[in-house]
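Accompanying notes for the structure given below.
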Amino acid sequence: MLTDKEQFKAAFVNRLLALHRKTLEEASLGEKYDALASLVRDSIGRRWVNTDYQYAKTAEKQLYYFSIEFLPGRLLDQNLRNIGVRDLWVEALNELGLDYGDLENQEPDAGLGNGGLGRLAACFLDSMAALGLPGHGCGIRYQYGLFEQKIIDGNQIEQPDNWMKNFNLWEYRREDKAVKVKFGGHLNTVLAVPYDLPIIGFANNTVNTLRLWSAELPRDLTVILSSLTPDDANKAVQHKYSVEALSQILYPDDRYQEGRTLRLAQEYFLVSAGVQSIVRYVKKTHGGITHLAEKAAIHINDTHPALAIPELMRILMDDEGLGWEDAWRITANTFSYTNHTVMPEALEKWPVDTVQNLLPRIYEIIHEINERFCRELWKRYPGDWDRIAAMAVTAYGYVKMAHLAVVGSHSVNGVSKIHTEILKQDVLKLFYQHAPSKFNNKTNGINHRRWLVEDNPQLSRFITETIGDNWIFRPVDLGRLTASADNPEFQQKLKAIKRERKIILARYINGKYGVEIDVNSIFDVQIKRIHAYKRQLLNALRIIDLYDRLKANPDLDVIPRTFIFAGKAAPGYVLAKKVIKLINTLAKVINNDAAVNNKIKVVFIENYGVSLAEIIIPAADVSEQISTAGTEASGTSNMKLMMNGALTVGTMDGANIEIKEAVGIENIIPFGLSVEEIISVCGYSGCDPRTVYNNNPRVRQVVDRLVDGTLPFAADEFHILYDHLVYGDGHFMELNDFDAFLAAQEKVDILFRDEKAWWKIITLNISKSGLFSSDYTVNEYARHIWRIRPVEIKDKLESPVEKVGDAKDRPGLNNVGFGAL
Ligand SMILES: *Cc1c(COP(=O)(O)O)cnc(C)c1O
């Protein structure tokens, strides 16, 4: 590895010549990025092979994390830090007259996910590598990531995210590891080719693998089109397209069941390829398949990979010749499942005939799993037909994926304490009663190396100056900052860093949209997918209310605020897209109204993703976590914002509750109805929103603004939002929580005025945020679910790579030298 600056510079210049036949002066930024990334790649290969070798040699159990989404973001900076050369190389680049930030910006975001689910998977992989845990990812190499969001006339426009148009230097095509995936019907046989991405450990020698599968036409089916009749050639081309469609696009829909056969085919493609390659590895490495569950753990991240369960059954029975009982014992001991949602409409289910037509053998196995499970239930609850029907894997013409995942796994977990309770008491109640020991909680986490060290180097440096750098290895050590919470000098420095980050964000916003925002204002941030349950609409209503009050009383004593939103809506989600339009409309009206625009501004930053989050989060003062209680399984942007010094305004939902427990009720602003209150006030069917609308004049005024023509937009533009709020089922309680939300915001102002109190709270939030590092989360999974242990990867090994050794160690070469030959 290049740990000498001059050597690095020479290598960099040489690499430009080798890759692009260009000199430093001639090369474009993109070409320079290539050279830099490819130098990182040079230092990965050896460690990667060493890691594989050690895992095989120690015969340790390994974990495979199956997920239909991975959202790693950019990898250059992370990889440079993890191999430990970042600062040195950045300096060397500077000396070459290059700006490292410019090169970094050349990398497209790997956006192979919709939001939290995929980002969680990425954080877990990073944490596992940092802890030296033998854990790998398994996903799909989508040609197109989540769509690119453009805002035109206030509306979301979706454009394809062609993130792979340039060669992706982080991936290694492994054609020799390809497997065949078989479907019923016209798809028949598809070749799954793995592309491996290195997941580099921090300050250790571990390199784990994220294996992404790409769908291709099997070689033996590749025909020479010119030799076919036009009709057959046409069919062949069609077939090629439908095969490649399997890894073409990520479904831009993170909540609703997508009734598309292609989605189901993608799910099977992923799990069949993944399970086959694990089985092949275990057989080769451990000499057989009977101990599979002792050598491999497979985790199902939400239900999309649940077909892995019948797929492993198929392989064990049809290919390996095991009987049902043996195969089932191995399967159930191998799999574990995380539930990510309690929204009934988001619980995945597939029509039986769709499954049957596409995957006839898999359906037979699912059917048999269901038969046997129902027989077991019948023995335990004789005559209780209702219970059995409610728990069946296939019922009323559908395959219920969550039921399949629960029945076929030895562990089922939720992602925050309250979410796990809701699973046990409500959504999966019958399964909990049937097998309580399967259920456990693993509160989500975030990788603090990505979400503090990397996104906020200013703050990280300051923390290290204050308490040393051990917190990077042991994030709860951030707790040592507590001692500085009241220290005026510390507070002033913290404030200066926040200001620096707010200036960076303000420049970004000004550069992109020409909107000037006041860095002395409170940066009030809500960034996440746009969804009714996340209630961006409630936030928008509050802005309308504040705008109204400021118009009525220009001297109203409020602290200036900048409302910052970012997030994508599913392309078919009409309500969510209207919310985007509303926010952009408010931005246009308010930002151009001289009567208020020195007090409030509204900004919607387009195309939310990991890289944008890395700019917004360090600049945030207030973190809006305002989902209806009982709807957000955990949330993770709440943790990222806390870690970067923002105060949470939050409902008692998901991990907000645990944030409150960690930091203390006086250091967060909780508001709104709790799950228990919602149930006692409204029952399970939701409240009639008209009660609030009719009885609360302030609510009525603000809701009427959407349709009364007083704001400058067509009166029917936002009618569906009005109807949702007033005539909807009231499920999301926007109006019920409105007053409490306003009161919470007044508290923010009061605290912000008291500078000492504010920076103390911010310090305490940062200091308690280490608890939410995904290092702890994956450690819990590793110990209690996967039962895997860290493997120390030594620098020097007797692996095949090390045996070859460096050229200088070659016998004879150094002693004699070429000159003597
Ligand atoms: C963290 C993160 C999310 C999850 O945000 P929530 O507020 O928990 O929904 C979604 N998208 C991106 C890009 C993220 O980094």
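For the structure tokens, the naming scheme is as follows: chains receive sequential letters (A, B, ...) according to their order of presentation, residues are indexed from 1 within each chain, and ligands are indexed from 1 in presentation order.
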Please produce, as a Markdown table, a per-residue contact table for chain A versus ligand 1 (criterion: any atom at most 7 Å away, only C-alpha atoms and all ligand atoms considered), showing the nearest atom pair and its distance in Å to one decimal, sorted by chain then residue number.
```
| residue | atom | partner | partner_atom_place_in_ligand_line | distance |
| --- | --- | --- | --- | --- |
| A:Asn114 | CA | ligand 1 | 11 (N) | 6.8 |
| A:Gly115 | CA | ligand 1 | 10 (C) | 3.6 |
| A:Gly116 | CA | ligand 1 | 4 (C) | 3.6 |
| A:Arg119 | CA | ligand 1 | 14 (C) | 5.9 |
| A:Ile527 | CA | ligand 1 | 7 (O) | 6.2 |
| A:Lys528 | CA | ligand 1 | 7 (O) | 4.5 |
| A:Arg529 | CA | ligand 1 | 9 (O) | 6.0 |
| A:Tyr608 | CA | ligand 1 | 13 (C) | 6.2 |
| A:Gly609 | CA | ligand 1 | 13 (C) | 3.8 |
| A:Val610 | CA | ligand 1 | 13 (C) | 4.0 |
| A:Ala613 | CA | ligand 1 | 15 (O) | 5.7 |
| A:Ser634 | CA | ligand 1 | 8 (O) | 6.9 |
| A:Gly635 | CA | ligand 1 | 8 (O) | 3.3 |
| A:Thr636 | CA | ligand 1 | 8 (O) | 3.8 |
| A:Ser637 | CA | ligand 1 | 7 (O) | 4.1 |
| A:Asn638 | CA | ligand 1 | 7 (O) | 6.2 |
```
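Residues within 6 Å of A:His410, counting only C-alpha atoms and excluding same-chain residues fewer than 5 positions away, are Ala332, Asn333, Ser336 and Lys438 of chain A.
Shortest atom-to-atom contact with A:Ile83 among A:Gly288, A:Pro198, A:Gly572, A:Pro436: A:Pro198, counting only C-alpha atoms.
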The residue from A:Pro360, A:Met643, A:Glu516, A:Ala629 with the smallest atom-to-atom distance to A:Asn598, counting only C-alpha atoms, is A:Glu516
If we count only C-alpha atoms, what is near stretch 469-473 of chain A at a cut-off of 10 Å, once residues fewer than 4 positions away on the same chain are taken out, given as a PDB file with C-alpha atoms, in the first residue's frame?
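out13.pdb written:
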```
ATOM      1  CA  ALA A 130     -15.289  -3.271  11.225  1.00  0.00           C
ATOM      2  CA  LEU A 131     -15.890  -5.833  13.954  1.00  0.00           C
ATOM      3  CA  PHE A 202     -11.982  -0.327   9.588  1.00  0.00           C
ATOM      4  CA  ALA A 203      -8.416  -0.534  10.868  1.00  0.00           C
ATOM      5  CA  HIS A 448     -21.089   6.041  13.118  1.00  0.00           C
ATOM      6  CA  ARG A 449     -18.083   5.914  10.805  1.00  0.00           C
ATOM      7  CA  LEU A 452     -20.183  11.030  11.929  1.00  0.00           C
ATOM      8  CA  VAL A 453     -16.548  10.425  11.025  1.00  0.00           C
ATOM      9  CA  SER A 460     -15.338  14.356  14.506  1.00  0.00           C
ATOM     10  CA  ARG A 461     -12.048  16.183  14.741  1.00  0.00           C
ATOM     11  CA  ILE A 463     -14.684  15.322  19.427  1.00  0.00           C
ATOM     12  CA  THR A 464     -11.327  13.609  19.098  1.00  0.00           C
ATOM     13  CA  GLU A 465      -9.544  16.736  20.344  1.00  0.00           C
ATOM     14  CA  ASP A 477     -17.233   6.511  24.576  1.00  0.00           C
ATOM     15  CA  LEU A 478     -18.900   9.552  23.055  1.00  0.00           C
ATOM     16  CA  GLY A 479     -20.476   9.620  26.500  1.00  0.00           C
ATOM     17  CA  ARG A 480     -17.299  11.281  27.749  1.00  0.00           C
ATOM     18  CA  GLY A 770     -23.042   6.213  20.390  1.00  0.00           C
ATOM     19  CA  ASP A 775     -21.708  -1.850  15.735  1.00  0.00           C
TER      20      ASP A 775
END
```
Which residue is closest to A:Lys400? Choose from A:Ala18, A:Val412, A:Leu307, A:Leu93 and count only C-alpha atoms. A:Leu307
Among stretch 343-491 of chain A, which residues carry a DSSP assignment of strand (DSSP E or B), reported as a count of residues only? 16
Write out as JSON lines the residues of stretch 165-273 of chain A that have any atom within 10 Å of an atom of stretch 309-331 of chain A, one row each with the nearest atom pair and its distance in Å to one decimal, counting only C-alpha atoms, sorted by chain and then rising number.
```
{"residue": "A:Tyr268", "atom": "CA", "partner": "A:Glu311", "partner_atom": "CA", "distance": 8.4}
{"residue": "A:Val271", "atom": "CA", "partner": "A:Glu311", "partner_atom": "CA", "distance": 7.4}
{"residue": "A:Ser272", "atom": "CA", "partner": "A:Glu311", "partner_atom": "CA", "distance": 6.2}
{"residue": "A:Ala273", "atom": "CA", "partner": "A:Glu311", "partner_atom": "CA", "distance": 9.7}
```
What parts of stretch 211-242 of chain A does DSSP call alpha helix (DSSP H)? I'd like the answer as a list in words. Pro230, Asp231, Asp232, Ala233, Asn234, Lys235, Ala236, Val237, Gln238, His239, Lys240, Tyr241 and Ser242 of chain A
For the selection just defined, write its residues with N, CA, C and O atoms to a file, as a PDB file, in the first residue's frame.
```pdb
ATOM      1  N   PRO A 230     -36.629 -14.469 -39.228  1.00  0.00           N
ATOM      2  CA  PRO A 230     -36.911 -13.203 -38.570  1.00  0.00           C
ATOM      3  C   PRO A 230     -37.819 -13.387 -37.357  1.00  0.00           C
ATOM      4  O   PRO A 230     -37.618 -12.762 -36.320  1.00  0.00           O
ATOM      5  N   ASP A 231     -38.774 -14.270 -37.471  1.00  0.00           N
ATOM      6  CA  ASP A 231     -39.699 -14.488 -36.377  1.00  0.00           C
ATOM      7  C   ASP A 231     -38.985 -15.035 -35.141  1.00  0.00           C
ATOM      8  O   ASP A 231     -39.158 -14.542 -34.022  1.00  0.00           O
ATOM      9  N   ASP A 232     -38.149 -16.036 -35.357  1.00  0.00           N
ATOM     10  CA  ASP A 232     -37.407 -16.610 -34.235  1.00  0.00           C
ATOM     11  C   ASP A 232     -36.389 -15.623 -33.668  1.00  0.00           C
ATOM     12  O   ASP A 232     -36.153 -15.589 -32.460  1.00  0.00           O
ATOM     13  N   ALA A 233     -35.785 -14.852 -34.563  1.00  0.00           N
ATOM     14  CA  ALA A 233     -34.822 -13.853 -34.096  1.00  0.00           C
ATOM     15  C   ALA A 233     -35.520 -12.851 -33.184  1.00  0.00           C
ATOM     16  O   ALA A 233     -35.007 -12.479 -32.128  1.00  0.00           O
ATOM     17  N   ASN A 234     -36.704 -12.477 -33.602  1.00  0.00           N
ATOM     18  CA  ASN A 234     -37.498 -11.552 -32.796  1.00  0.00           C
ATOM     19  C   ASN A 234     -37.778 -12.126 -31.414  1.00  0.00           C
ATOM     20  O   ASN A 234     -37.587 -11.466 -30.389  1.00  0.00           O
ATOM     21  N   LYS A 235     -38.168 -13.379 -31.409  1.00  0.00           N
ATOM     22  CA  LYS A 235     -38.453 -14.050 -30.133  1.00  0.00           C
ATOM     23  C   LYS A 235     -37.201 -14.117 -29.268  1.00  0.00           C
ATOM     24  O   LYS A 235     -37.258 -13.934 -28.053  1.00  0.00           O
ATOM     25  N   ALA A 236     -36.080 -14.404 -29.924  1.00  0.00           N
ATOM     26  CA  ALA A 236     -34.827 -14.513 -29.172  1.00  0.00           C
ATOM     27  C   ALA A 236     -34.477 -13.179 -28.509  1.00  0.00           C
ATOM     28  O   ALA A 236     -34.056 -13.130 -27.357  1.00  0.00           O
ATOM     29  N   VAL A 237     -34.694 -12.112 -29.250  1.00  0.00           N
ATOM     30  CA  VAL A 237     -34.406 -10.791 -28.696  1.00  0.00           C
ATOM     31  C   VAL A 237     -35.342 -10.487 -27.528  1.00  0.00           C
ATOM     32  O   VAL A 237     -34.920 -10.028 -26.465  1.00  0.00           O
ATOM     33  N   GLN A 238     -36.630 -10.792 -27.731  1.00  0.00           N
ATOM     34  CA  GLN A 238     -37.606 -10.600 -26.656  1.00  0.00           C
ATOM     35  C   GLN A 238     -37.174 -11.362 -25.411  1.00  0.00           C
ATOM     36  O   GLN A 238     -37.245 -10.860 -24.283  1.00  0.00           O
ATOM     37  N   HIS A 239     -36.752 -12.602 -25.638  1.00  0.00           N
ATOM     38  CA  HIS A 239     -36.368 -13.447 -24.514  1.00  0.00           C
ATOM     39  C   HIS A 239     -35.181 -12.839 -23.760  1.00  0.00           C
ATOM     40  O   HIS A 239     -35.164 -12.791 -22.535  1.00  0.00           O
ATOM     41  N   LYS A 240     -34.206 -12.374 -24.547  1.00  0.00           N
ATOM     42  CA  LYS A 240     -33.031 -11.737 -23.932  1.00  0.00           C
ATOM     43  C   LYS A 240     -33.473 -10.569 -23.050  1.00  0.00           C
ATOM     44  O   LYS A 240     -33.021 -10.408 -21.922  1.00  0.00           O
ATOM     45  N   TYR A 241     -34.392  -9.752 -23.579  1.00  0.00           N
ATOM     46  CA  TYR A 241     -34.873  -8.615 -22.790  1.00  0.00           C
ATOM     47  C   TYR A 241     -35.547  -9.059 -21.506  1.00  0.00           C
ATOM     48  O   TYR A 241     -35.316  -8.500 -20.443  1.00  0.00           O
ATOM     49  N   SER A 242     -36.382 -10.101 -21.612  1.00  0.00           N
ATOM     50  CA  SER A 242     -37.103 -10.459 -20.393  1.00  0.00           C
ATOM     51  C   SER A 242     -36.176 -11.098 -19.372  1.00  0.00           C
ATOM     52  O   SER A 242     -36.387 -10.963 -18.171  1.00  0.00           O
TER      53      SER A 242
END
```
What lies within 10 Å of A:Asp704 using only C-alpha atoms, ignoring chain neighbours under 4 positions off, as a ChimeraX atom specification? /A:693,698-700,708-710,719,722,726
Store the residues picked out above in a file with all heavy atoms, as a PDB file, in the first residue's frame.
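This went into result_12.pdb:
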```pdb
ATOM      1  N   TYR A 693     -61.558  18.936  13.222  1.00  0.00           N
ATOM      2  CA  TYR A 693     -61.770  19.995  12.232  1.00  0.00           C
ATOM      3  C   TYR A 693     -62.894  20.934  12.663  1.00  0.00           C
ATOM      4  O   TYR A 693     -62.766  22.155  12.592  1.00  0.00           O
ATOM      5  CB  TYR A 693     -62.076  19.347  10.880  1.00  0.00           C
ATOM      6  CG  TYR A 693     -62.353  20.331   9.759  1.00  0.00           C
ATOM      7  CD1 TYR A 693     -61.301  20.966   9.096  1.00  0.00           C
ATOM      8  CD2 TYR A 693     -63.658  20.619   9.380  1.00  0.00           C
ATOM      9  CE1 TYR A 693     -61.552  21.864   8.075  1.00  0.00           C
ATOM     10  CE2 TYR A 693     -63.918  21.511   8.349  1.00  0.00           C
ATOM     11  CZ  TYR A 693     -62.858  22.136   7.696  1.00  0.00           C
ATOM     12  OH  TYR A 693     -63.103  23.024   6.686  1.00  0.00           O
ATOM     13  N   ARG A 698     -58.297  26.864  14.857  1.00  0.00           N
ATOM     14  CA  ARG A 698     -56.976  27.049  14.280  1.00  0.00           C
ATOM     15  C   ARG A 698     -56.689  25.946  13.250  1.00  0.00           C
ATOM     16  O   ARG A 698     -56.119  26.208  12.184  1.00  0.00           O
ATOM     17  CB  ARG A 698     -55.925  27.022  15.392  1.00  0.00           C
ATOM     18  CG  ARG A 698     -54.581  27.532  14.937  1.00  0.00           C
ATOM     19  CD  ARG A 698     -53.781  27.977  16.131  1.00  0.00           C
ATOM     20  NE  ARG A 698     -52.394  28.257  15.785  1.00  0.00           N
ATOM     21  CZ  ARG A 698     -51.463  28.532  16.693  1.00  0.00           C
ATOM     22  NH1 ARG A 698     -51.774  28.576  17.984  1.00  0.00           N
ATOM     23  NH2 ARG A 698     -50.235  28.782  16.320  1.00  0.00           N
ATOM     24  N   VAL A 699     -57.086  24.744  13.604  1.00  0.00           N
ATOM     25  CA  VAL A 699     -56.929  23.630  12.659  1.00  0.00           C
ATOM     26  C   VAL A 699     -57.771  23.901  11.418  1.00  0.00           C
ATOM     27  O   VAL A 699     -57.311  23.746  10.277  1.00  0.00           O
ATOM     28  CB  VAL A 699     -57.353  22.295  13.318  1.00  0.00           C
ATOM     29  CG1 VAL A 699     -57.589  21.216  12.251  1.00  0.00           C
ATOM     30  CG2 VAL A 699     -56.301  21.831  14.311  1.00  0.00           C
ATOM     31  N   ARG A 700     -59.006  24.331  11.647  1.00  0.00           N
ATOM     32  CA  ARG A 700     -59.899  24.530  10.512  1.00  0.00           C
ATOM     33  C   ARG A 700     -59.325  25.587   9.568  1.00  0.00           C
ATOM     34  O   ARG A 700     -59.306  25.429   8.350  1.00  0.00           O
ATOM     35  CB  ARG A 700     -61.298  24.923  10.982  1.00  0.00           C
ATOM     36  CG  ARG A 700     -62.315  24.828   9.856  1.00  0.00           C
ATOM     37  CD  ARG A 700     -63.751  24.796  10.352  1.00  0.00           C
ATOM     38  NE  ARG A 700     -64.068  25.967  11.160  1.00  0.00           N
ATOM     39  CZ  ARG A 700     -64.404  25.911  12.453  1.00  0.00           C
ATOM     40  NH1 ARG A 700     -64.488  24.757  13.071  1.00  0.00           N
ATOM     41  NH2 ARG A 700     -64.667  27.020  13.103  1.00  0.00           N
ATOM     42  N   ASP A 708     -59.190  27.311   0.019  1.00  0.00           N
ATOM     43  CA  ASP A 708     -60.048  28.508   0.019  1.00  0.00           C
ATOM     44  C   ASP A 708     -59.582  29.608  -0.943  1.00  0.00           C
ATOM     45  O   ASP A 708     -60.173  30.678  -1.002  1.00  0.00           O
ATOM     46  CB  ASP A 708     -60.221  29.062   1.446  1.00  0.00           C
ATOM     47  CG  ASP A 708     -58.918  29.613   2.018  1.00  0.00           C
ATOM     48  OD1 ASP A 708     -57.910  29.696   1.275  1.00  0.00           O
ATOM     49  OD2 ASP A 708     -58.889  29.937   3.220  1.00  0.00           O
ATOM     50  N   GLY A 709     -58.519  29.337  -1.662  1.00  0.00           N
ATOM     51  CA  GLY A 709     -58.112  30.303  -2.679  1.00  0.00           C
ATOM     52  C   GLY A 709     -57.341  31.501  -2.136  1.00  0.00           C
ATOM     53  O   GLY A 709     -56.955  32.384  -2.893  1.00  0.00           O
ATOM     54  N   THR A 710     -57.076  31.554  -0.840  1.00  0.00           N
ATOM     55  CA  THR A 710     -56.332  32.693  -0.302  1.00  0.00           C
ATOM     56  C   THR A 710     -54.838  32.582  -0.603  1.00  0.00           C
ATOM     57  O   THR A 710     -54.136  33.573  -0.658  1.00  0.00           O
ATOM     58  CB  THR A 710     -56.519  32.823   1.220  1.00  0.00           C
ATOM     59  OG1 THR A 710     -56.261  31.555   1.804  1.00  0.00           O
ATOM     60  CG2 THR A 710     -57.924  33.275   1.560  1.00  0.00           C
ATOM     61  N   HIS A 719     -56.947  19.731  -3.371  1.00  0.00           N
ATOM     62  CA  HIS A 719     -58.179  19.179  -2.828  1.00  0.00           C
ATOM     63  C   HIS A 719     -57.991  17.780  -2.255  1.00  0.00           C
ATOM     64  O   HIS A 719     -58.598  17.431  -1.252  1.00  0.00           O
ATOM     65  CB  HIS A 719     -59.291  19.178  -3.886  1.00  0.00           C
ATOM     66  CG  HIS A 719     -60.552  19.734  -3.339  1.00  0.00           C
ATOM     67  ND1 HIS A 719     -61.053  20.969  -3.675  1.00  0.00           N
ATOM     68  CD2 HIS A 719     -61.393  19.242  -2.399  1.00  0.00           C
ATOM     69  CE1 HIS A 719     -62.143  21.194  -2.991  1.00  0.00           C
ATOM     70  NE2 HIS A 719     -62.369  20.177  -2.209  1.00  0.00           N
ATOM     71  N   TYR A 722     -56.815  18.085   1.222  1.00  0.00           N
ATOM     72  CA  TYR A 722     -57.920  18.519   2.081  1.00  0.00           C
ATOM     73  C   TYR A 722     -58.843  17.335   2.390  1.00  0.00           C
ATOM     74  O   TYR A 722     -59.190  17.086   3.542  1.00  0.00           O
ATOM     75  CB  TYR A 722     -58.687  19.639   1.362  1.00  0.00           C
ATOM     76  CG  TYR A 722     -59.900  20.139   2.106  1.00  0.00           C
ATOM     77  CD1 TYR A 722     -59.788  21.156   3.061  1.00  0.00           C
ATOM     78  CD2 TYR A 722     -61.157  19.602   1.860  1.00  0.00           C
ATOM     79  CE1 TYR A 722     -60.895  21.620   3.740  1.00  0.00           C
ATOM     80  CE2 TYR A 722     -62.270  20.051   2.535  1.00  0.00           C
ATOM     81  CZ  TYR A 722     -62.141  21.064   3.469  1.00  0.00           C
ATOM     82  OH  TYR A 722     -63.245  21.514   4.149  1.00  0.00           O
ATOM     83  N   VAL A 726     -59.677  15.838   6.029  1.00  0.00           N
ATOM     84  CA  VAL A 726     -60.993  16.070   6.635  1.00  0.00           C
ATOM     85  C   VAL A 726     -61.926  14.872   6.462  1.00  0.00           C
ATOM     86  O   VAL A 726     -62.675  14.527   7.369  1.00  0.00           O
ATOM     87  CB  VAL A 726     -61.643  17.344   6.035  1.00  0.00           C
ATOM     88  CG1 VAL A 726     -63.006  17.597   6.674  1.00  0.00           C
ATOM     89  CG2 VAL A 726     -60.730  18.545   6.232  1.00  0.00           C
TER      90      VAL A 726
END
```
So, counting only C-alpha atoms, which residue among A:Asn695, A:Thr631, A:Asn440, A:Gln701 is closest to A:Leu546?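 Ranked by minimum distance to A:Leu546, first place goes to A:Gln701.
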Env of A:Gly137: 10 Å cut, atoms = only C-alpha atoms, seq-sep filter 3 positions within chain, self excluded. Answer as an NGL selection string. :A and (63-67 or 70 or 121-122 or 124-125 or 196-197 or 199 or 208-212 or 274 or 298-299)
Closest of A:Asn520, A:Thr303, A:Asn444, A:Asn487 to A:Ala757 - atom-to-atom distances counting only C-alpha atoms: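 Comparing A:Asn520, A:Thr303, A:Asn444, A:Asn487 against A:Ala757, the winner is A:Asn487.
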List the neighbours of A:Met652 out to 8 Å using only C-alpha atoms; skip same-chain residues closer than 2 positions along the sequence, and give me the result as a list in words.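 So the residues in contact are Ala629, Gly650, Gly654, Asn656, Ile657, Pro670, Phe671, Gly672, Leu673, Ser674 and Val675 of chain A.
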With distances taken over only C-alpha atoms, which of A:Arg46, A:Lys601, A:Lys588, A:His304 is nearest to A:Gln266?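 Comparing A:Arg46, A:Lys601, A:Lys588, A:His304 against A:Gln266, the winner is A:His304.
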Counting only C-alpha atoms, what is within 12 Å of A:Asp99, bar same-chain residues fewer than 4 positions away, as a PyMOL selection string? chain A and resi 29+32-33+89-95+103-106
Just N, CA, C and O atoms for this one: save the residues we selected as a short mmCIF file (atom, residue, chain, number, x, y, z; two decimals), in the first residue's frame.
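This went into part_20.cif:
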```
data_model
loop_
_atom_site.label_atom_id
_atom_site.label_comp_id
_atom_site.auth_asym_id
_atom_site.auth_seq_id
_atom_site.Cartn_x
_atom_site.Cartn_y
_atom_site.Cartn_z
N LEU A 29 -11.68 15.15 -14.65
CA LEU A 29 -11.92 14.80 -13.24
C LEU A 29 -12.34 13.34 -13.12
O LEU A 29 -11.90 12.63 -12.21
N LYS A 32 -9.43 11.15 -13.36
CA LYS A 32 -8.62 11.21 -12.12
C LYS A 32 -9.28 10.40 -11.01
O LYS A 32 -8.61 9.73 -10.22
N TYR A 33 -10.60 10.49 -10.96
CA TYR A 33 -11.31 9.66 -9.98
C TYR A 33 -11.00 8.18 -10.24
O TYR A 33 -10.70 7.42 -9.31
N TRP A 89 -3.20 10.55 1.37
CA TRP A 89 -3.46 10.64 -0.07
C TRP A 89 -4.12 11.98 -0.43
O TRP A 89 -3.84 12.55 -1.48
N VAL A 90 -4.99 12.46 0.45
CA VAL A 90 -5.65 13.74 0.18
C VAL A 90 -4.60 14.85 0.13
O VAL A 90 -4.61 15.70 -0.76
N GLU A 91 -3.68 14.79 1.07
CA GLU A 91 -2.58 15.77 1.07
C GLU A 91 -1.76 15.69 -0.21
O GLU A 91 -1.44 16.70 -0.84
N ALA A 92 -1.44 14.47 -0.59
CA ALA A 92 -0.63 14.27 -1.80
C ALA A 92 -1.37 14.81 -3.03
O ALA A 92 -0.77 15.44 -3.90
N LEU A 93 -2.67 14.56 -3.08
CA LEU A 93 -3.46 15.07 -4.21
C LEU A 93 -3.42 16.60 -4.23
O LEU A 93 -3.29 17.22 -5.29
N ASN A 94 -3.53 17.18 -3.04
CA ASN A 94 -3.42 18.64 -2.92
C ASN A 94 -2.12 19.14 -3.51
O ASN A 94 -2.08 20.13 -4.24
N GLU A 95 -1.06 18.43 -3.16
CA GLU A 95 0.25 18.84 -3.66
C GLU A 95 0.35 18.71 -5.16
O GLU A 95 1.13 19.38 -5.81
N LEU A 103 -12.86 15.17 -6.92
CA LEU A 103 -12.75 13.78 -7.38
C LEU A 103 -13.85 12.93 -6.74
O LEU A 103 -14.49 12.11 -7.40
N GLU A 104 -14.07 13.16 -5.44
CA GLU A 104 -15.12 12.43 -4.72
C GLU A 104 -16.47 12.58 -5.41
O GLU A 104 -17.23 11.62 -5.51
N ASN A 105 -16.73 13.80 -5.86
CA ASN A 105 -18.03 14.07 -6.48
C ASN A 105 -18.23 13.38 -7.82
O ASN A 105 -19.32 13.42 -8.38
N GLN A 106 -17.18 12.79 -8.35
CA GLN A 106 -17.32 12.08 -9.62
C GLN A 106 -18.02 10.74 -9.45
O GLN A 106 -18.53 10.17 -10.40
#
```
Separating atom CA of A:Ala496 from atom CA of A:Phe563, to the nearest tenth of an Å, is a gap of 20.8 Å
Just to confirm, what's the straight-line distance from atom CA of A:His20 to atom CA of A:Leu112 in Å (one decimal)?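 Here the two named atoms are 28.4 Å from each other.
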Atomic distance atom CA of A:His186 - atom CA of A:Tyr398, expressed in Å with one decimal: 22.7 Å
